[in-house]
>>> print(open('protein_24.cif').read())   # mmCIF, C-alpha atoms and all ligand atoms
data_query
#
loop_
_atom_site.label_atom_id
_atom_site.label_comp_id
_atom_site.auth_asym_id
_atom_site.auth_seq_id
_atom_site.Cartn_x
_atom_site.Cartn_y
_atom_site.Cartn_z
CA MET A 1 0.00 0.00 0.00
CA PHE A 2 2.79 2.42 0.92
CA ARG A 3 5.33 1.16 -1.57
CA SER A 4 5.71 2.91 -4.84
CA GLY A 5 8.95 1.27 -5.98
CA SER A 6 12.56 1.97 -5.17
CA PHE A 7 13.77 5.39 -6.32
CA SER A 8 17.07 4.05 -7.62
CA GLY A 9 15.62 0.76 -8.77
CA LYS A 10 18.37 -1.27 -7.05
CA SER A 11 18.58 -2.84 -3.63
CA MET A 12 20.81 -1.29 -0.98
CA ASP A 13 23.73 -3.05 0.63
CA VAL A 14 23.83 -1.91 4.26
CA GLY A 15 27.61 -1.84 4.01
CA THR A 16 27.28 1.23 1.80
CA ILE A 17 25.51 2.97 4.69
CA PHE A 18 28.56 2.54 6.92
CA ALA A 19 30.86 3.62 4.09
CA GLY A 20 28.62 6.69 3.66
CA ASN A 21 28.83 7.39 7.38
CA ARG A 22 32.64 7.27 7.40
CA LYS A 23 32.77 9.62 4.41
CA TRP A 24 30.38 12.02 6.15
CA VAL A 25 32.50 11.97 9.35
CA GLU A 26 35.65 12.71 7.31
CA GLU A 27 33.99 15.63 5.53
CA LYS A 28 32.70 17.15 8.76
CA LEU A 29 36.11 16.81 10.46
CA ARG A 30 37.89 18.29 7.45
CA LEU A 31 35.77 21.45 7.79
CA ASP A 32 35.89 21.55 11.58
CA PRO A 33 38.13 19.14 13.56
CA SER A 34 36.08 19.74 16.74
CA TYR A 35 32.67 19.33 15.03
CA PHE A 36 31.57 16.20 16.89
CA GLU A 37 33.12 17.33 20.14
CA LYS A 38 30.92 20.45 19.94
CA LEU A 39 27.86 18.32 19.05
CA SER A 40 28.45 16.17 22.12
CA LYS A 41 28.09 19.22 24.42
CA GLY A 42 24.31 19.30 23.96
CA GLN A 43 21.51 20.54 21.77
CA ASN A 44 19.68 23.84 21.57
CA PRO A 45 17.22 23.53 18.66
CA GLU A 46 14.69 26.30 18.10
CA VAL A 47 12.36 24.22 15.95
CA LEU A 48 10.33 21.08 16.57
CA TYR A 49 9.48 19.41 13.25
CA ILE A 50 6.72 16.79 13.12
CA GLY A 51 6.68 15.10 9.72
CA CYS A 52 5.87 11.90 7.84
CA SER A 53 8.14 8.83 7.97
CA ASP A 54 8.03 8.66 4.15
CA SER A 55 11.56 7.94 2.88
CA ARG A 56 11.27 10.70 0.27
CA VAL A 57 10.63 13.39 2.89
CA SER A 58 13.97 13.65 4.69
CA ALA A 59 13.43 16.38 7.28
CA GLU A 60 16.89 17.93 7.69
CA GLU A 61 17.84 17.66 4.03
CA LEU A 62 14.72 19.34 2.67
CA MET A 63 15.10 22.21 5.16
CA GLY A 64 18.85 22.54 4.59
CA VAL A 65 19.56 22.37 8.31
CA GLN A 66 22.47 20.86 10.22
CA PRO A 67 22.51 18.38 13.13
CA GLY A 68 21.52 20.18 16.33
CA GLU A 69 19.22 22.72 14.65
CA VAL A 70 15.88 20.88 14.54
CA PHE A 71 14.23 18.43 16.94
CA VAL A 72 12.47 15.84 14.78
CA HIS A 73 9.52 13.51 15.22
CA ARG A 74 8.26 11.41 12.32
CA ASN A 75 5.42 8.92 11.98
CA ILE A 76 3.02 7.76 9.29
CA ALA A 77 1.19 10.82 7.92
CA ASN A 78 2.62 13.30 10.48
CA MET A 79 -0.05 12.66 13.07
CA VAL A 80 -0.38 14.15 16.56
CA PRO A 81 -2.90 11.85 18.26
CA ASN A 82 -3.73 12.94 21.77
CA THR A 83 -3.24 9.41 23.13
CA ASP A 84 0.06 8.72 21.35
CA LEU A 85 2.66 8.69 24.11
CA SER A 86 5.51 9.07 21.65
CA ALA A 87 4.19 12.25 19.98
CA MET A 88 3.05 13.69 23.32
CA SER A 89 6.46 13.03 24.91
CA VAL A 90 8.27 14.67 22.00
CA ILE A 91 6.08 17.80 22.27
CA ASP A 92 6.45 17.91 26.04
CA TYR A 93 10.23 17.63 25.90
CA ALA A 94 10.71 20.02 22.98
CA VAL A 95 8.38 22.72 24.31
CA SER A 96 8.89 22.50 28.07
CA GLN A 97 12.55 21.45 28.29
CA LEU A 98 14.27 22.52 25.07
CA LYS A 99 11.97 25.55 24.85
CA VAL A 100 11.72 25.57 21.07
CA LYS A 101 10.32 28.73 19.49
CA HIS A 102 8.54 27.02 16.59
CA VAL A 103 6.47 23.86 16.30
CA VAL A 104 6.03 22.71 12.70
CA VAL A 105 3.68 20.05 11.37
CA CYS A 106 4.85 19.21 7.86
CA GLY A 107 2.73 17.02 5.60
CA HIS A 108 3.53 16.10 2.03
CA TYR A 109 1.65 15.60 -1.20
CA TYR A 110 1.52 11.98 -2.44
CA CYS A 111 1.38 10.75 1.19
CA GLY A 112 0.63 7.01 1.26
CA GLY A 113 -0.97 7.24 4.71
CA VAL A 114 -3.40 9.94 3.62
CA LYS A 115 -4.15 8.10 0.37
CA SER A 116 -4.90 4.87 2.26
CA ALA A 117 -7.36 6.70 4.51
CA MET A 118 -9.31 7.86 1.46
CA HIS A 119 -10.29 4.32 0.47
CA PRO A 120 -12.02 1.43 2.23
CA ALA A 121 -9.41 -1.16 3.22
CA ASP A 122 -8.70 -3.31 6.25
CA LEU A 123 -5.06 -2.60 7.07
CA GLY A 124 -4.94 -4.33 10.44
CA LEU A 125 -2.84 -2.49 13.00
CA LEU A 126 -2.86 0.59 10.80
CA ASN A 127 -6.67 0.91 11.01
CA PRO A 128 -6.83 2.98 14.22
CA TRP A 129 -3.91 5.15 13.12
CA LEU A 130 -5.47 5.90 9.74
CA ARG A 131 -8.86 6.44 11.36
CA ASN A 132 -7.44 9.71 12.71
CA ILE A 133 -7.15 10.84 9.08
CA ARG A 134 -10.64 9.56 8.29
CA ASP A 135 -11.81 11.77 11.19
CA VAL A 136 -10.15 14.75 9.50
CA TYR A 137 -12.08 13.87 6.32
CA ARG A 138 -15.34 13.76 8.28
CA LEU A 139 -14.63 17.15 9.89
CA HIS A 140 -14.15 18.71 6.44
CA GLN A 141 -16.44 16.44 4.44
CA SER A 142 -18.51 19.14 2.75
CA GLU A 143 -15.40 20.92 1.43
CA LEU A 144 -13.68 17.70 0.34
CA ASP A 145 -16.73 16.09 -1.27
CA ALA A 146 -17.21 19.24 -3.36
CA ILE A 147 -13.83 18.64 -5.05
CA ASP A 148 -14.46 16.43 -8.11
CA ASP A 149 -10.87 15.78 -9.11
CA GLU A 150 -9.50 12.95 -6.95
CA GLU A 151 -5.90 14.18 -6.96
CA ALA A 152 -6.99 17.69 -5.94
CA ARG A 153 -9.15 16.21 -3.16
CA TYR A 154 -6.21 14.08 -2.03
CA LYS A 155 -3.92 17.13 -1.91
CA ARG A 156 -6.51 19.12 0.01
CA LEU A 157 -6.86 16.31 2.56
CA VAL A 158 -3.08 16.40 3.04
CA GLU A 159 -3.37 20.14 3.81
CA LEU A 160 -6.40 19.78 6.09
CA ASN A 161 -4.68 16.94 7.93
CA VAL A 162 -1.72 19.25 8.61
CA GLN A 163 -4.14 21.90 9.89
CA GLU A 164 -5.91 19.46 12.22
CA GLN A 165 -2.62 18.08 13.55
CA CYS A 166 -1.56 21.67 14.31
CA VAL A 167 -4.81 22.04 16.23
CA ASN A 168 -3.88 18.85 18.10
CA VAL A 169 -0.53 20.45 18.97
CA ILE A 170 -2.39 23.49 20.36
CA LYS A 171 -4.57 21.20 22.49
CA THR A 172 -1.58 20.04 24.54
CA PRO A 173 -0.99 21.64 27.96
CA ASP A 174 2.72 22.19 27.20
CA VAL A 175 1.94 24.35 24.18
CA GLN A 176 -0.86 26.25 25.93
CA LYS A 177 1.42 26.98 28.87
CA ALA A 178 4.30 28.09 26.66
CA TRP A 179 1.91 30.27 24.64
CA LYS A 180 1.09 32.23 27.77
CA GLU A 181 4.65 32.52 29.02
CA ARG A 182 6.68 33.21 25.91
CA LYS A 183 6.67 33.52 22.16
CA LEU A 184 5.81 30.21 20.51
CA GLU A 185 4.61 29.78 16.96
CA VAL A 186 2.84 26.80 15.39
CA HIS A 187 3.24 26.36 11.64
CA GLY A 188 1.52 24.14 9.07
CA TRP A 189 3.66 23.25 6.06
CA VAL A 190 3.44 20.88 3.10
CA PHE A 191 6.39 19.44 1.18
CA ASP A 192 5.68 18.90 -2.51
CA VAL A 193 7.57 15.74 -3.44
CA ARG A 194 7.13 16.54 -7.13
CA THR A 195 8.88 19.95 -7.02
CA GLY A 196 10.94 19.70 -3.84
CA MET A 197 9.33 22.92 -2.60
CA LEU A 198 8.26 23.54 0.96
CA ILE A 199 4.94 25.38 1.16
CA ASP A 200 3.73 27.39 4.15
CA LEU A 201 -0.03 26.88 4.36
CA GLY A 202 -0.32 30.24 6.11
CA ILE A 203 -2.81 28.89 8.60
CA ASP A 204 -4.17 31.63 10.88
CA PHE A 205 -3.51 30.09 14.27
CA GLU A 206 -4.53 33.10 16.30
CA LYS A 207 -7.97 32.77 14.71
CA ILE A 208 -8.14 29.00 15.18
CA LEU A 209 -6.95 29.42 18.73
CA GLN A 210 -9.77 31.83 19.50
CA GLN A 211 -12.28 29.41 17.98
CA ILE A 212 -11.14 26.29 19.77
CA MET A 213 -9.85 27.53 23.10
CA LYS A 214 -13.33 27.81 24.54
CA ILE A 215 -13.47 24.02 24.25
CA TYR A 216 -9.85 22.92 24.59
CA ARG A 217 -8.35 25.38 27.05
CA ILE A 218 -6.90 23.50 29.99
CA ILE A 219 -4.61 26.13 31.48
CO CO B 301 3.37 10.42 4.13
#
>>> encode(input="protein_24.cif", output="structure tokens")
Amino acid sequence: MFRSGSFSGKSMDVGTIFAGNRKWVEEKLRLDPSYFEKLSKGQNPEVLYIGCSDSRVSAEELMGVQPGEVFVHRNIANMVPNTDLSAMSVIDYAVSQLKVKHVVVCGHYYCGGVKSAMHPADLGLLNPWLRNIRDVYRLHQSELDAIDDEEARYKRLVELNVQEQCVNVIKTPDVQKAWKERKLEVHGWVFDVRTGMLIDLGIDFEKILQQIMKIYRII
């Protein structure tokens, strides 16, 4: 369901991964002999990035950032379910301990997870995970059903899923607390696999916040 063929068309020997690692270490040390020593001192990222596990959407590479600059959490279809201990722990640690200034939810067009949630299929363990995306469809059903072209509807669901996961970020106590105490911004982005471009959805979070806080405010 999620496979769309290998990009290179050939299988990978894991030995090449270690060779690639050694080459990367050499390059980093050539530019800065104390690079890894500095990295070992700690991290101070200003951005938490929540994205899809899709192998084509490599977080650091697409943003052009270096190790230490972005705290990353990835799962199928960049979800932020309220009962997912992993996502909740990442948000808690990034916002309350690392004190990041930006929380980003980044979806991507041609997302296999979103596509799977658009069709009836029993995918076993994935059913409850994908049901979160089906819930997003239900919340925005009138808008989505009005889009005749399936690819356009699929892309719109990717965007609306990002928006709803940003709302899920705002629902957490860590984010609500940080919002009151300091400057914290939540962003909804989409990566277009076909062009390589990162798109800011320009979601108005102040407006959404005002609409939902009556219900979700816990602090
Ligand atoms: Co995806």
>>> residues_near_ligand(input="protein_24.cif", ligand="ligand CO 301 (chain B)", cutoff="10 Å", atoms="all atoms listed in the file", output="ChimeraX atom specification")
/A:2,51-57,74-79,106-115,158,191
>>> write_last_selection(input="protein_24.cif", atoms="C-alpha atoms", output="JSON list (two decimals), in the frame of the given file")
[["chain", "number", "residue", "atom", "x", "y", "z"],
["A", 2, "PHE", "CA", 2.79, 2.42, 0.92],
["A", 51, "GLY", "CA", 6.68, 15.10, 9.72],
["A", 52, "CYS", "CA", 5.87, 11.90, 7.84],
["A", 53, "SER", "CA", 8.14, 8.83, 7.97],
["A", 54, "ASP", "CA", 8.03, 8.66, 4.15],
["A", 55, "SER", "CA", 11.56, 7.94, 2.88],
["A", 56, "ARG", "CA", 11.27, 10.70, 0.27],
["A", 57, "VAL", "CA", 10.63, 13.39, 2.89],
["A", 74, "ARG", "CA", 8.26, 11.41, 12.32],
["A", 75, "ASN", "CA", 5.42, 8.92, 11.98],
["A", 76, "ILE", "CA", 3.02, 7.76, 9.29],
["A", 77, "ALA", "CA", 1.19, 10.82, 7.92],
["A", 78, "ASN", "CA", 2.62, 13.30, 10.48],
["A", 79, "MET", "CA", -0.05, 12.66, 13.07],
["A", 106, "CYS", "CA", 4.85, 19.21, 7.86],
["A", 107, "GLY", "CA", 2.73, 17.02, 5.60],
["A", 108, "HIS", "CA", 3.53, 16.10, 2.03],
["A", 109, "TYR", "CA", 1.65, 15.60, -1.20],
["A", 110, "TYR", "CA", 1.52, 11.98, -2.44],
["A", 111, "CYS", "CA", 1.38, 10.75, 1.19],
["A", 112, "GLY", "CA", 0.63, 7.01, 1.26],
["A", 113, "GLY", "CA", -0.97, 7.24, 4.71],
["A", 114, "VAL", "CA", -3.40, 9.94, 3.62],
["A", 115, "LYS", "CA", -4.15, 8.10, 0.37],
["A", 158, "VAL", "CA", -3.08, 16.40, 3.04],
["A", 191, "PHE", "CA", 6.39, 19.44, 1.18]]
>>> closest_residue(input="protein_24.cif", among="A:Ile147, A:Ala87, A:Leu130, A:Val104", to="A:Ile199", atoms="only C-alpha atoms")
A:Val104
>>> closest_residue(input="protein_24.cif", among="A:Glu159, A:Val136, A:Gly68, A:Ser116", to="A:Lys38", atoms="all atoms listed in the file")
A:Gly68
>>> closest_residue(input="protein_24.cif", among="A:Leu29, A:Leu48, A:Leu184, A:Val193", to="A:Lys155", atoms="all atoms listed in the file")
A:Val193
>>> closest_residue(input="protein_24.cif", among="A:Val70, A:Ile170, A:Ala152, A:Ala117", to="A:Met88", atoms="all atoms listed in the file")
A:Ile170
>>> closest_residue(input="protein_24.cif", among="A:Ala146, A:Ile50, A:Ile212, A:Met63", to="A:Ser86", atoms="only C-alpha atoms")
A:Ile50
>>> residues_around(input="protein_24.cif", residues="A:Phe205", least_positions_apart="6", cutoff="9 Å", atoms="all atoms listed in the file", output="MDAnalysis selection string")
chainID A and resid 166:167 185:187
>>> axis_aligned_box(input="protein_24.cif", around="stretch 114-126 of chain A", padding_each_side="8 Å", output="lines of an AutoDock Vina configuration file")
center_x = -7.4
center_y = 2.8
center_z = 6.7
size_x = 25.2
size_y = 30.3
size_z = 28.6
>>> closest_residue(input="protein_24.cif", among="A:Lys183, A:Tyr35, A:Thr172, A:Gln43", to="A:Gln97", atoms="only C-alpha atoms")
A:Gln43
>>> atom_distance(input="protein_24.cif", atom1="atom CA of A:Met118", atom2="atom CA of A:Glu61")
29.0 Å
>>> atom_distance(input="protein_24.cif", atom1="atom CA of A:Ile133", atom2="atom CA of A:Met213")
22.0 Å
>>> residues_around(input="protein_24.cif", residues="A:Leu198", least_positions_apart="4", cutoff="8 Å", atoms="only C-alpha atoms", output="list of chain:residue names")
A:Leu62, A:Trp189, A:Val190, A:Phe191, A:Asp192
>>> atom_distance(input="protein_24.cif", atom1="atom CA of A:Arg182", atom2="atom CA of A:Pro67")
25.2 Å
>>> residues_near_point(input="protein_24.cif", point="(-4.3, 21.3, 24.9)", cutoff="10 Å", atoms="only C-alpha atoms", output="ChimeraX atom specification")
/A:82,167-177,212-213,215-219
>>> decode(input="protein_24.cif", residues="stretch 47-133 of chain A", atoms="C-alpha atoms", output="mmCIF file, in the first residue's frame")
data_model
loop_
_atom_site.group_PDB
_atom_site.id
_atom_site.type_symbol
_atom_site.label_atom_id
_atom_site.label_comp_id
_atom_site.auth_asym_id
_atom_site.auth_seq_id
_atom_site.Cartn_x
_atom_site.Cartn_y
_atom_site.Cartn_z
ATOM 1 C CA VAL A 47 12.362 24.216 15.949
ATOM 2 C CA LEU A 48 10.327 21.076 16.572
ATOM 3 C CA TYR A 49 9.480 19.409 13.247
ATOM 4 C CA ILE A 50 6.723 16.790 13.118
ATOM 5 C CA GLY A 51 6.676 15.102 9.720
ATOM 6 C CA CYS A 52 5.873 11.903 7.842
ATOM 7 C CA SER A 53 8.137 8.835 7.966
ATOM 8 C CA ASP A 54 8.033 8.655 4.150
ATOM 9 C CA SER A 55 11.563 7.937 2.882
ATOM 10 C CA ARG A 56 11.269 10.703 0.274
ATOM 11 C CA VAL A 57 10.628 13.390 2.888
ATOM 12 C CA SER A 58 13.973 13.653 4.692
ATOM 13 C CA ALA A 59 13.432 16.383 7.280
ATOM 14 C CA GLU A 60 16.888 17.932 7.690
ATOM 15 C CA GLU A 61 17.844 17.658 4.030
ATOM 16 C CA LEU A 62 14.717 19.342 2.666
ATOM 17 C CA MET A 63 15.098 22.206 5.161
ATOM 18 C CA GLY A 64 18.849 22.539 4.586
ATOM 19 C CA VAL A 65 19.564 22.369 8.311
ATOM 20 C CA GLN A 66 22.468 20.856 10.216
ATOM 21 C CA PRO A 67 22.514 18.383 13.133
ATOM 22 C CA GLY A 68 21.522 20.178 16.333
ATOM 23 C CA GLU A 69 19.223 22.716 14.654
ATOM 24 C CA VAL A 70 15.877 20.884 14.543
ATOM 25 C CA PHE A 71 14.229 18.434 16.942
ATOM 26 C CA VAL A 72 12.467 15.843 14.779
ATOM 27 C CA HIS A 73 9.515 13.512 15.223
ATOM 28 C CA ARG A 74 8.255 11.408 12.323
ATOM 29 C CA ASN A 75 5.425 8.918 11.983
ATOM 30 C CA ILE A 76 3.020 7.756 9.295
ATOM 31 C CA ALA A 77 1.190 10.822 7.915
ATOM 32 C CA ASN A 78 2.623 13.303 10.480
ATOM 33 C CA MET A 79 -0.050 12.662 13.072
ATOM 34 C CA VAL A 80 -0.379 14.145 16.560
ATOM 35 C CA PRO A 81 -2.896 11.850 18.261
ATOM 36 C CA ASN A 82 -3.730 12.944 21.767
ATOM 37 C CA THR A 83 -3.240 9.409 23.133
ATOM 38 C CA ASP A 84 0.059 8.720 21.346
ATOM 39 C CA LEU A 85 2.656 8.687 24.114
ATOM 40 C CA SER A 86 5.507 9.071 21.650
ATOM 41 C CA ALA A 87 4.194 12.250 19.976
ATOM 42 C CA MET A 88 3.047 13.692 23.316
ATOM 43 C CA SER A 89 6.457 13.031 24.914
ATOM 44 C CA VAL A 90 8.265 14.668 22.003
ATOM 45 C CA ILE A 91 6.084 17.799 22.265
ATOM 46 C CA ASP A 92 6.453 17.912 26.037
ATOM 47 C CA TYR A 93 10.234 17.635 25.905
ATOM 48 C CA ALA A 94 10.714 20.022 22.981
ATOM 49 C CA VAL A 95 8.377 22.720 24.308
ATOM 50 C CA SER A 96 8.890 22.499 28.065
ATOM 51 C CA GLN A 97 12.552 21.450 28.285
ATOM 52 C CA LEU A 98 14.271 22.517 25.067
ATOM 53 C CA LYS A 99 11.972 25.554 24.848
ATOM 54 C CA VAL A 100 11.720 25.570 21.066
ATOM 55 C CA LYS A 101 10.321 28.727 19.487
ATOM 56 C CA HIS A 102 8.539 27.024 16.587
ATOM 57 C CA VAL A 103 6.469 23.863 16.297
ATOM 58 C CA VAL A 104 6.032 22.710 12.701
ATOM 59 C CA VAL A 105 3.683 20.049 11.371
ATOM 60 C CA CYS A 106 4.846 19.208 7.859
ATOM 61 C CA GLY A 107 2.731 17.018 5.604
ATOM 62 C CA HIS A 108 3.527 16.101 2.033
ATOM 63 C CA TYR A 109 1.650 15.597 -1.198
ATOM 64 C CA TYR A 110 1.515 11.978 -2.438
ATOM 65 C CA CYS A 111 1.380 10.752 1.187
ATOM 66 C CA GLY A 112 0.627 7.013 1.257
ATOM 67 C CA GLY A 113 -0.966 7.241 4.705
ATOM 68 C CA VAL A 114 -3.403 9.940 3.617
ATOM 69 C CA LYS A 115 -4.153 8.097 0.373
ATOM 70 C CA SER A 116 -4.900 4.872 2.257
ATOM 71 C CA ALA A 117 -7.356 6.699 4.515
ATOM 72 C CA MET A 118 -9.311 7.856 1.455
ATOM 73 C CA HIS A 119 -10.292 4.318 0.467
ATOM 74 C CA PRO A 120 -12.019 1.432 2.230
ATOM 75 C CA ALA A 121 -9.415 -1.158 3.220
ATOM 76 C CA ASP A 122 -8.703 -3.312 6.248
ATOM 77 C CA LEU A 123 -5.061 -2.600 7.071
ATOM 78 C CA GLY A 124 -4.943 -4.334 10.441
ATOM 79 C CA LEU A 125 -2.838 -2.492 12.996
ATOM 80 C CA LEU A 126 -2.855 0.592 10.802
ATOM 81 C CA ASN A 127 -6.666 0.913 11.009
ATOM 82 C CA PRO A 128 -6.829 2.978 14.223
ATOM 83 C CA TRP A 129 -3.907 5.146 13.116
ATOM 84 C CA LEU A 130 -5.467 5.904 9.739
ATOM 85 C CA ARG A 131 -8.858 6.439 11.358
ATOM 86 C CA ASN A 132 -7.442 9.709 12.711
ATOM 87 C CA ILE A 133 -7.147 10.844 9.080
#
